[in-house]
>>> print(open('coords_3.cif').read())   # mmCIF, C-alpha atoms
data_upload
#
loop_
_atom_site.group_PDB
_atom_site.id
_atom_site.type_symbol
_atom_site.label_atom_id
_atom_site.label_comp_id
_atom_site.auth_asym_id
_atom_site.auth_seq_id
_atom_site.Cartn_x
_atom_site.Cartn_y
_atom_site.Cartn_z
ATOM 1 C CA MET K 1 148.232 98.834 78.447
ATOM 2 C CA THR K 2 145.403 99.021 80.915
ATOM 3 C CA ALA K 3 142.109 98.055 79.309
ATOM 4 C CA LYS K 4 139.481 100.779 79.482
ATOM 5 C CA ILE K 5 136.008 99.328 79.868
ATOM 6 C CA ILE K 6 132.804 101.329 79.682
ATOM 7 C CA VAL K 7 129.383 100.226 80.856
ATOM 8 C CA ALA K 8 126.272 101.995 79.567
ATOM 9 C CA CYS K 9 122.620 101.656 80.439
ATOM 10 C CA GLY K 10 119.508 103.381 79.162
ATOM 11 C CA SER K 11 118.746 105.588 82.084
ATOM 12 C CA GLY K 12 122.253 106.037 83.369
ATOM 13 C CA VAL K 13 120.407 106.047 86.681
ATOM 14 C CA ALA K 14 121.767 103.048 88.425
ATOM 15 C CA THR K 15 122.009 99.946 86.285
ATOM 16 C CA SER K 16 125.294 100.796 84.617
ATOM 17 C CA GLN K 17 126.831 101.755 87.968
ATOM 18 C CA THR K 18 125.672 98.478 89.447
ATOM 19 C CA VAL K 19 127.118 96.443 86.599
ATOM 20 C CA ALA K 20 130.342 98.479 86.597
ATOM 21 C CA SER K 21 130.859 97.940 90.282
ATOM 22 C CA LYS K 22 130.185 94.207 89.946
ATOM 23 C CA VAL K 23 132.566 93.875 86.995
ATOM 24 C CA ALA K 24 135.258 95.934 88.728
ATOM 25 C CA HIS K 25 134.950 93.673 91.749
ATOM 26 C CA LEU K 26 135.203 90.491 89.660
ATOM 27 C CA LEU K 27 138.145 91.834 87.689
ATOM 28 C CA SER K 28 140.081 92.951 90.734
ATOM 29 C CA ALA K 29 139.652 89.458 92.174
ATOM 30 C CA GLN K 30 141.323 88.197 88.981
ATOM 31 C CA ALA K 31 143.990 90.920 89.205
ATOM 32 C CA ALA K 32 143.031 92.034 85.712
ATOM 33 C CA ASP K 33 144.663 95.194 84.376
ATOM 34 C CA ALA K 34 141.536 97.185 83.564
ATOM 35 C CA GLU K 35 139.532 100.195 84.611
ATOM 36 C CA VAL K 36 135.747 100.207 84.504
ATOM 37 C CA GLU K 37 133.557 103.263 84.093
ATOM 38 C CA ALA K 38 129.781 103.606 84.052
ATOM 39 C CA ILE K 39 128.444 106.102 81.554
ATOM 40 C CA ASP K 40 125.126 107.433 80.379
ATOM 41 C CA TYR K 41 123.913 105.906 77.117
ATOM 42 C CA LYS K 42 123.646 109.406 75.676
ATOM 43 C CA SER K 43 127.405 109.873 76.001
ATOM 44 C CA LEU K 44 128.227 106.458 74.563
ATOM 45 C CA ARG K 45 129.145 107.763 71.126
ATOM 46 C CA THR K 46 131.823 110.008 72.607
ATOM 47 C CA ALA K 47 132.965 107.736 75.404
ATOM 48 C CA ILE K 48 133.436 104.702 73.199
ATOM 49 C CA ARG K 49 136.233 106.410 71.243
ATOM 50 C CA GLN K 50 138.382 106.247 74.369
ATOM 51 C CA ALA K 51 137.284 102.737 75.305
ATOM 52 C CA ASP K 52 138.708 99.311 74.517
ATOM 53 C CA ILE K 53 135.751 97.258 75.635
ATOM 54 C CA TYR K 54 132.033 98.011 75.917
ATOM 55 C CA ILE K 55 129.665 96.255 78.302
ATOM 56 C CA SER K 56 126.137 96.818 77.102
ATOM 57 C CA ILE K 57 122.796 96.672 78.874
ATOM 58 C CA VAL K 58 120.759 97.817 75.897
ATOM 59 C CA LYS K 59 120.070 96.122 72.615
ATOM 60 C CA GLU K 60 122.887 96.941 70.254
ATOM 61 C CA ASP K 61 122.593 96.989 66.497
ATOM 62 C CA THR K 62 125.490 99.359 65.994
ATOM 63 C CA ASP K 63 129.003 98.083 65.348
ATOM 64 C CA TRP K 64 131.087 100.185 67.705
ATOM 65 C CA GLY K 65 134.399 98.751 66.595
ATOM 66 C CA VAL K 66 135.216 97.372 70.048
ATOM 67 C CA PRO K 67 134.304 94.048 71.661
ATOM 68 C CA VAL K 68 130.839 94.191 73.236
ATOM 69 C CA PHE K 69 129.817 92.105 76.254
ATOM 70 C CA ASN K 70 126.489 91.303 77.850
ATOM 71 C CA GLY K 71 126.047 93.400 80.978
ATOM 72 C CA VAL K 72 122.856 91.651 82.035
ATOM 73 C CA ALA K 73 124.855 88.491 82.785
ATOM 74 C CA PHE K 74 126.737 90.447 85.447
ATOM 75 C CA LEU K 75 123.505 91.786 86.870
ATOM 76 C CA THR K 76 121.679 88.476 87.250
ATOM 77 C CA GLY K 77 124.620 86.108 87.515
ATOM 78 C CA VAL K 78 123.033 83.962 84.794
ATOM 79 C CA GLY K 79 125.782 83.210 82.264
ATOM 80 C CA GLN K 80 128.188 85.360 84.259
ATOM 81 C CA ASP K 81 131.092 82.896 84.388
ATOM 82 C CA ALA K 82 131.121 82.456 80.615
ATOM 83 C CA GLU K 83 130.887 86.210 80.030
ATOM 84 C CA LEU K 84 133.653 86.914 82.547
ATOM 85 C CA LYS K 85 135.916 84.397 80.850
ATOM 86 C CA LYS K 86 135.432 86.077 77.477
ATOM 87 C CA LEU K 87 135.905 89.496 79.056
ATOM 88 C CA LEU K 88 139.192 88.441 80.650
ATOM 89 C CA ALA K 89 140.411 87.178 77.277
ATOM 90 C CA ALA K 90 139.536 90.518 75.669
ATOM 91 C CA ILE K 91 141.343 92.391 78.464
ATOM 92 C CA ASP K 92 144.409 90.212 77.928
ATOM 93 C CA GLU K 93 144.385 91.150 74.293
ATOM 94 C CA VAL K 94 144.273 94.852 75.114
ATOM 95 C CA ASN K 95 146.998 94.469 77.742
ATOM 96 C CA ASN K 96 149.271 92.825 75.175
ATOM 97 C CA ARG K 97 148.916 95.629 72.648
ATOM 98 C CA SER K 98 152.014 97.759 72.224
ATOM 99 C CA LYS K 99 152.018 100.762 74.498
ATOM 100 C CA MET E 1 91.868 105.601 88.356
ATOM 101 C CA GLY E 2 91.072 109.139 87.259
ATOM 102 C CA ALA E 3 93.263 111.990 86.138
ATOM 103 C CA LEU E 4 95.625 113.419 88.654
ATOM 104 C CA PRO E 5 94.638 116.702 90.277
ATOM 105 C CA PHE E 6 98.229 117.749 90.152
ATOM 106 C CA LYS E 7 99.212 120.250 87.491
ATOM 107 C CA GLN E 8 102.658 121.068 86.332
ATOM 108 C CA ASN E 9 102.823 124.580 87.763
ATOM 109 C CA LYS E 10 105.374 126.468 89.822
ATOM 110 C CA LEU E 11 104.372 124.711 92.992
ATOM 111 C CA GLY E 12 104.605 121.415 91.170
ATOM 112 C CA GLU E 13 108.072 122.281 89.961
ATOM 113 C CA ALA E 14 109.113 123.246 93.447
ATOM 114 C CA LEU E 15 107.755 119.986 94.765
ATOM 115 C CA GLY E 16 109.549 118.142 92.015
ATOM 116 C CA GLN E 17 112.814 119.636 93.180
ATOM 117 C CA TYR E 18 112.094 119.065 96.821
ATOM 118 C CA LYS E 19 114.339 116.330 98.113
ATOM 119 C CA PRO E 20 113.479 115.622 101.723
ATOM 120 C CA LYS E 21 116.414 114.568 103.864
ATOM 121 C CA THR E 22 114.265 112.566 106.216
ATOM 122 C CA LEU E 23 111.794 110.115 104.813
ATOM 123 C CA VAL E 24 108.348 110.054 106.257
ATOM 124 C CA GLY E 25 106.352 106.987 105.433
ATOM 125 C CA SER E 26 104.548 104.185 107.136
ATOM 126 C CA LYS E 27 105.141 103.199 110.732
ATOM 127 C CA LEU E 28 107.157 100.237 109.535
ATOM 128 C CA GLN E 29 109.465 102.490 107.586
ATOM 129 C CA GLN E 30 109.848 104.856 110.518
ATOM 130 C CA ALA E 31 110.602 101.954 112.820
ATOM 131 C CA ILE E 32 113.317 100.732 110.488
ATOM 132 C CA VAL E 33 114.758 104.218 110.109
ATOM 133 C CA SER E 34 114.828 104.788 113.851
ATOM 134 C CA GLN E 35 116.837 101.615 114.283
ATOM 135 C CA GLY E 36 119.396 102.982 111.865
ATOM 136 C CA PRO E 37 119.325 100.402 109.106
ATOM 137 C CA LYS E 38 122.399 99.525 107.149
ATOM 138 C CA SER E 39 120.159 98.670 104.259
ATOM 139 C CA GLN E 40 119.239 101.614 102.031
ATOM 140 C CA LEU E 41 116.583 99.489 100.365
ATOM 141 C CA GLY E 42 115.197 98.432 103.724
ATOM 142 C CA ALA E 43 114.878 102.065 104.761
ATOM 143 C CA LEU E 44 112.758 102.756 101.690
ATOM 144 C CA LEU E 45 110.511 99.747 102.096
ATOM 145 C CA ASP E 46 106.987 100.931 102.828
ATOM 146 C CA ARG E 47 104.026 98.626 103.383
ATOM 147 C CA GLU E 48 101.785 101.198 101.681
ATOM 148 C CA LEU E 49 103.749 100.707 98.476
ATOM 149 C CA VAL E 50 103.618 96.917 98.454
ATOM 150 C CA PHE E 51 100.853 95.444 96.311
ATOM 151 C CA VAL E 52 99.822 91.851 95.670
ATOM 152 C CA ASP E 53 97.336 90.321 93.239
ATOM 153 C CA VAL E 54 97.497 93.273 90.886
ATOM 154 C CA GLU E 55 95.832 92.403 87.591
ATOM 155 C CA ALA E 56 97.649 93.758 84.562
ATOM 156 C CA GLN E 57 98.085 92.497 81.012
ATOM 157 C CA SER E 58 101.056 94.707 80.239
ATOM 158 C CA PRO E 59 103.690 96.847 81.937
ATOM 159 C CA GLU E 60 101.723 99.941 80.963
ATOM 160 C CA GLU E 61 98.568 98.631 82.655
ATOM 161 C CA LEU E 62 100.602 97.921 85.747
ATOM 162 C CA PHE E 63 102.187 101.385 85.812
ATOM 163 C CA ARG E 64 98.755 102.985 85.382
ATOM 164 C CA GLN E 65 97.622 101.341 88.595
ATOM 165 C CA LEU E 66 100.715 102.469 90.486
ATOM 166 C CA GLU E 67 100.436 106.113 89.465
ATOM 167 C CA ALA E 68 97.780 107.206 91.985
ATOM 168 C CA PRO E 69 99.227 105.536 95.090
ATOM 169 C CA LEU E 70 102.741 106.714 94.228
ATOM 170 C CA PHE E 71 101.490 110.217 93.640
ATOM 171 C CA GLU E 72 99.483 110.257 96.861
ATOM 172 C CA ALA E 73 102.507 109.033 98.784
ATOM 173 C CA GLY E 74 104.454 112.001 97.441
ATOM 174 C CA CYS E 75 106.870 109.826 95.467
ATOM 175 C CA ILE E 76 106.369 111.045 91.919
ATOM 176 C CA CYS E 77 105.334 114.136 89.995
ATOM 177 C CA GLU E 78 103.204 114.601 86.915
ATOM 178 C CA GLY E 79 104.713 113.126 83.790
ATOM 179 C CA TRP E 80 105.944 110.017 85.549
ATOM 180 C CA LEU E 81 103.485 107.643 83.878
ATOM 181 C CA ASP E 82 104.319 108.668 80.308
ATOM 182 C CA ALA E 83 108.010 108.699 81.140
ATOM 183 C CA ILE E 84 108.124 105.235 82.668
ATOM 184 C CA VAL E 85 105.988 103.717 79.893
ATOM 185 C CA ALA E 86 108.273 105.211 77.242
ATOM 186 C CA ARG E 87 111.439 104.210 79.029
ATOM 187 C CA GLU E 88 110.317 100.642 79.517
ATOM 188 C CA LYS E 89 109.706 100.446 75.753
ATOM 189 C CA ASP E 90 113.106 101.898 74.860
ATOM 190 C CA PHE E 91 115.128 100.345 77.651
ATOM 191 C CA PRO E 92 113.272 97.326 79.014
ATOM 192 C CA THR E 93 114.043 96.113 82.525
ATOM 193 C CA GLY E 94 112.998 92.467 82.661
ATOM 194 C CA LEU E 95 115.602 90.236 84.281
ATOM 195 C CA ASP E 96 115.720 86.444 84.260
ATOM 196 C CA PHE E 97 117.520 85.176 87.349
ATOM 197 C CA GLY E 98 116.920 81.537 86.478
ATOM 198 C CA HIS E 99 114.846 80.766 89.565
ATOM 199 C CA VAL E 100 112.651 83.824 89.039
ATOM 200 C CA SER E 101 111.981 86.523 86.488
ATOM 201 C CA VAL E 102 111.458 90.066 87.696
ATOM 202 C CA ALA E 103 111.262 93.557 86.287
ATOM 203 C CA ILE E 104 112.914 96.620 87.811
ATOM 204 C CA PRO E 105 111.288 99.535 85.977
ATOM 205 C CA HIS E 106 112.665 102.954 86.814
ATOM 206 C CA THR E 107 112.657 106.321 85.183
ATOM 207 C CA ASP E 108 114.481 109.588 84.953
ATOM 208 C CA THR E 109 115.245 111.181 88.315
ATOM 209 C CA LYS E 110 113.316 114.319 87.367
ATOM 210 C CA PHE E 111 109.984 112.521 87.769
ATOM 211 C CA VAL E 112 110.871 111.235 91.218
ATOM 212 C CA VAL E 113 110.105 113.514 94.158
ATOM 213 C CA ARG E 114 111.583 111.309 96.858
ATOM 214 C CA PRO E 115 113.363 107.978 96.750
ATOM 215 C CA TYR E 116 111.075 104.977 97.108
ATOM 216 C CA VAL E 117 110.663 101.333 96.314
ATOM 217 C CA CYS E 118 107.310 99.992 95.188
ATOM 218 C CA VAL E 119 106.925 96.214 95.185
ATOM 219 C CA VAL E 120 104.272 94.467 93.119
ATOM 220 C CA ARG E 121 103.417 90.806 92.982
ATOM 221 C CA PRO E 122 100.954 90.614 90.108
ATOM 222 C CA LYS E 123 98.155 88.076 90.161
ATOM 223 C CA GLU E 124 99.497 86.595 86.932
ATOM 224 C CA PRO E 125 103.045 87.212 85.695
ATOM 225 C CA VAL E 126 103.304 90.283 83.480
ATOM 226 C CA ALA E 127 105.229 90.128 80.195
ATOM 227 C CA PHE E 128 108.166 92.529 80.284
ATOM 228 C CA CYS E 129 110.955 92.555 77.745
ATOM 229 C CA THR E 130 114.408 91.489 78.815
ATOM 230 C CA MET E 131 116.933 94.169 79.571
ATOM 231 C CA GLY E 132 119.217 94.541 76.586
ATOM 232 C CA GLN E 133 117.003 92.417 74.348
ATOM 233 C CA LYS E 134 113.850 94.235 73.364
ATOM 234 C CA ASP E 135 112.387 91.226 71.577
ATOM 235 C CA VAL E 136 112.830 88.643 74.339
ATOM 236 C CA PRO E 137 109.896 88.641 76.778
ATOM 237 C CA ILE E 138 110.046 87.373 80.339
ATOM 238 C CA ALA E 139 107.111 86.658 82.651
ATOM 239 C CA ALA E 140 107.728 88.899 85.649
ATOM 240 C CA GLU E 141 106.464 87.388 88.890
ATOM 241 C CA LEU E 142 107.705 90.346 90.896
ATOM 242 C CA VAL E 143 108.031 93.965 89.880
ATOM 243 C CA PHE E 144 110.216 96.387 91.806
ATOM 244 C CA ASN E 145 109.702 99.992 90.780
ATOM 245 C CA LEU E 146 112.610 102.016 92.058
ATOM 246 C CA GLY E 147 112.430 105.753 92.537
ATOM 247 C CA ILE E 148 115.900 107.174 92.504
ATOM 248 C CA THR E 149 116.740 110.841 92.925
ATOM 249 C CA GLN E 150 120.521 110.765 93.166
ATOM 250 C CA LYS E 151 122.234 108.169 91.068
ATOM 251 C CA GLU E 152 125.593 108.396 92.809
ATOM 252 C CA SER E 153 124.478 107.924 96.395
ATOM 253 C CA GLN E 154 121.654 105.529 95.632
ATOM 254 C CA VAL E 155 123.365 103.020 93.402
ATOM 255 C CA GLY E 156 123.513 100.704 96.420
ATOM 256 C CA ILE E 157 119.724 100.428 96.354
ATOM 257 C CA LEU E 158 119.743 98.651 93.018
ATOM 258 C CA GLN E 159 122.629 96.461 94.123
ATOM 259 C CA GLU E 160 120.633 95.411 97.167
ATOM 260 C CA LEU E 161 117.613 94.727 95.015
ATOM 261 C CA ILE E 162 119.650 92.503 92.725
ATOM 262 C CA GLY E 163 120.850 90.716 95.860
ATOM 263 C CA VAL E 164 117.224 90.132 96.885
ATOM 264 C CA CYS E 165 116.389 88.611 93.498
ATOM 265 C CA MET E 166 119.391 86.293 93.617
ATOM 266 C CA GLU E 167 118.344 84.915 97.005
ATOM 267 C CA ALA E 168 116.250 81.875 95.970
ATOM 268 C CA GLN E 169 114.947 81.187 99.462
ATOM 269 C CA LEU E 170 113.782 84.772 99.954
ATOM 270 C CA VAL E 171 112.137 84.835 96.524
ATOM 271 C CA GLU E 172 110.261 81.686 97.530
ATOM 272 C CA GLN E 173 109.000 83.537 100.623
ATOM 273 C CA LEU E 174 107.916 86.500 98.523
ATOM 274 C CA ARG E 175 106.080 84.143 96.175
ATOM 275 C CA GLY E 176 104.320 82.362 99.008
ATOM 276 C CA ALA E 177 103.505 85.379 101.177
ATOM 277 C CA ARG E 178 99.788 85.589 101.975
ATOM 278 C CA GLY E 179 99.208 89.217 101.305
ATOM 279 C CA ALA E 180 101.151 92.455 101.276
ATOM 280 C CA ASP E 181 101.818 92.442 105.043
ATOM 281 C CA GLU E 182 103.614 89.117 104.894
ATOM 282 C CA LEU E 183 105.493 90.083 101.774
ATOM 283 C CA THR E 184 106.667 93.330 103.374
ATOM 284 C CA GLN E 185 107.706 91.499 106.535
ATOM 285 C CA ALA E 186 109.705 88.921 104.601
ATOM 286 C CA LEU E 187 111.563 91.640 102.735
ATOM 287 C CA ALA E 188 112.088 93.750 105.840
ATOM 288 C CA ALA E 189 113.467 90.777 107.749
ATOM 289 C CA TYR E 190 116.015 90.207 104.996
ATOM 290 C CA LEU E 191 116.922 93.873 104.609
ATOM 291 C CA VAL E 192 118.318 94.610 108.038
#
>>> encode(input="coords_3.cif", output="structure tokens")
Amino acid sequence: MTAKIIVACGSGVATSQTVASKVAHLLSAQAADAEVEAIDYKSLRTAIRQADIYISIVKEDTDWGVPVFNGVAFLTGVGQDAELKKLLAAIDEVNNRSK
Amino acid sequence: MGALPFKQNKLGEALGQYKPKTLVGSKLQQAIVSQGPKSQLGALLDRELVFVDVEAQSPEELFRQLEAPLFEAGCICEGWLDAIVAREKDFPTGLDFGHVSVAIPHTDTKFVVRPYVCVVRPKEPVAFCTMGQKDVPIAAELVFNLGITQKESQVGILQELIGVCMEAQLVEQLRGARGADELTQALAAYLV
């Protein structure tokens, strides 16, 4: 099934949208089967129930029960390749789950 | 800098909700607008909101110094200072690009009267915490305070700003610029 990825940032003003658009771009270049959505941090608790993967731009102490990735890497490009590789592996895992 | 004369009254609220369609700023900004820039960030760039050699020991000290000029330029409304200080504590905005560390503080749209970008090159780097890692400080050599009023249509502004930070050669120019005029020109030349 298509992997549902959510990106959340503190303000929900622009950072999560920026990261989401960057990730969506990178994933489409890899033909990954995933959809990416930017959300407000305030709606994280609700949104994460429908999500397979969470890309975070805030410090996370909570275990959300889904794989969490470092959104800042996609913002700055520092460590981006490594993070993308791990993200693709997580998407693969979701894709291979029974429908 | 003293207390703001502005009070949160009905006029203030009205001003807070006022979203001008046409930006009026410095001559430079008008010149860029009249040429029809493709760059949203370039259209916001205003020499009057570019500061170099600002002395600040903390993000809060830096924001305090920005409050008056931003208010006078009609960019923010009362409450902005407390809001941006609190937000930076809860959701820090320091970013380490490898070749440079910057901070991109921004706050809730309700404290922003019109979209703007304020660029600061502090005299000494200011310690901001890294985005996503409250306990990891970075030494910000450049601070870009973004005023965003509509997150959907203005998301490109942040993307452009990230592009600026990733451009090592441009960052070198911003570092070496002798004064705010040169810094503004270097940015404007890139953002066409």
>>> resolve_selection(input="coords_3.cif", expression="the PyMOL selection byres ((chain E and resi 176-180) around 10)", output="number ranges by chain")
E: 47-53, 119-121, 170-175, 181-186
>>> write_last_selection(input="coords_3.cif", atoms="C-alpha atoms", output="PDB file, in the frame of the given file")
ATOM      1  CA  ARG E  47     104.026  98.626 103.383  1.00  0.00           C
ATOM      2  CA  GLU E  48     101.785 101.198 101.681  1.00  0.00           C
ATOM      3  CA  LEU E  49     103.749 100.707  98.476  1.00  0.00           C
ATOM      4  CA  VAL E  50     103.618  96.917  98.454  1.00  0.00           C
ATOM      5  CA  PHE E  51     100.853  95.444  96.311  1.00  0.00           C
ATOM      6  CA  VAL E  52      99.822  91.851  95.670  1.00  0.00           C
ATOM      7  CA  ASP E  53      97.336  90.321  93.239  1.00  0.00           C
ATOM      8  CA  VAL E 119     106.925  96.214  95.185  1.00  0.00           C
ATOM      9  CA  VAL E 120     104.272  94.467  93.119  1.00  0.00           C
ATOM     10  CA  ARG E 121     103.417  90.806  92.982  1.00  0.00           C
ATOM     11  CA  LEU E 170     113.782  84.772  99.954  1.00  0.00           C
ATOM     12  CA  VAL E 171     112.137  84.835  96.524  1.00  0.00           C
ATOM     13  CA  GLU E 172     110.261  81.686  97.530  1.00  0.00           C
ATOM     14  CA  GLN E 173     109.000  83.537 100.623  1.00  0.00           C
ATOM     15  CA  LEU E 174     107.916  86.500  98.523  1.00  0.00           C
ATOM     16  CA  ARG E 175     106.080  84.143  96.175  1.00  0.00           C
ATOM     17  CA  ASP E 181     101.818  92.442 105.043  1.00  0.00           C
ATOM     18  CA  GLU E 182     103.614  89.117 104.894  1.00  0.00           C
ATOM     19  CA  LEU E 183     105.493  90.083 101.774  1.00  0.00           C
ATOM     20  CA  THR E 184     106.667  93.330 103.374  1.00  0.00           C
ATOM     21  CA  GLN E 185     107.706  91.499 106.535  1.00  0.00           C
ATOM     22  CA  ALA E 186     109.705  88.921 104.601  1.00  0.00           C
TER      23      ALA E 186
END
>>> residues_around(input="coords_3.cif", residues="segment 47-60 of chain K", least_positions_apart="4", cutoff="8 Å", atoms="all atoms listed in the file", output="mmCIF file with C-alpha atoms, in the coordinates of the input")
data_model
loop_
_atom_site.group_PDB
_atom_site.id
_atom_site.type_symbol
_atom_site.label_atom_id
_atom_site.label_comp_id
_atom_site.auth_asym_id
_atom_site.auth_seq_id
_atom_site.Cartn_x
_atom_site.Cartn_y
_atom_site.Cartn_z
ATOM 1 C CA ALA K 3 142.109 98.055 79.309
ATOM 2 C CA LYS K 4 139.481 100.779 79.482
ATOM 3 C CA ILE K 5 136.008 99.328 79.868
ATOM 4 C CA ILE K 6 132.804 101.329 79.682
ATOM 5 C CA VAL K 7 129.383 100.226 80.856
ATOM 6 C CA ALA K 8 126.272 101.995 79.567
ATOM 7 C CA CYS K 9 122.620 101.656 80.439
ATOM 8 C CA GLY K 10 119.508 103.381 79.162
ATOM 9 C CA SER K 16 125.294 100.796 84.617
ATOM 10 C CA ILE K 39 128.444 106.102 81.554
ATOM 11 C CA SER K 43 127.405 109.873 76.001
ATOM 12 C CA TRP K 64 131.087 100.185 67.705
ATOM 13 C CA VAL K 66 135.216 97.372 70.048
ATOM 14 C CA PRO K 67 134.304 94.048 71.661
ATOM 15 C CA VAL K 68 130.839 94.191 73.236
ATOM 16 C CA PHE K 69 129.817 92.105 76.254
ATOM 17 C CA ASN K 70 126.489 91.303 77.850
ATOM 18 C CA GLY K 71 126.047 93.400 80.978
ATOM 19 C CA VAL K 72 122.856 91.651 82.035
ATOM 20 C CA ALA K 90 139.536 90.518 75.669
ATOM 21 C CA ILE K 91 141.343 92.391 78.464
ATOM 22 C CA VAL K 94 144.273 94.852 75.114
ATOM 23 C CA PHE E 91 115.128 100.345 77.651
ATOM 24 C CA MET E 131 116.933 94.169 79.571
ATOM 25 C CA GLY E 132 119.217 94.541 76.586
ATOM 26 C CA GLN E 133 117.003 92.417 74.348
ATOM 27 C CA LYS E 134 113.850 94.235 73.364
#
>>> closest_residue(input="coords_3.cif", among="E:Cys129, E:Asp135, E:Gly42, E:Cys165", to="His99 of chain E", atoms="only C-alpha atoms")
E:Cys165
>>> interface_residues(input="coords_3.cif", of="chain E", to="chain K", cutoff="12 Å", atoms="all atoms listed in the file", output="MDAnalysis selection string")
chainID E and resid 83:84 86:110 112 129:136 146:167
>>> atom_distance(input="coords_3.cif", atom1="atom CA of Phe144 of chain E", atom2="atom CA of His25 of chain K")
24.9 Å
>>> closest_residue(input="coords_3.cif", among="K:Lys86, K:Ala20, K:Asp63, K:Asn96", to="Glu35 of chain K", atoms="only C-alpha atoms")
K:Ala20
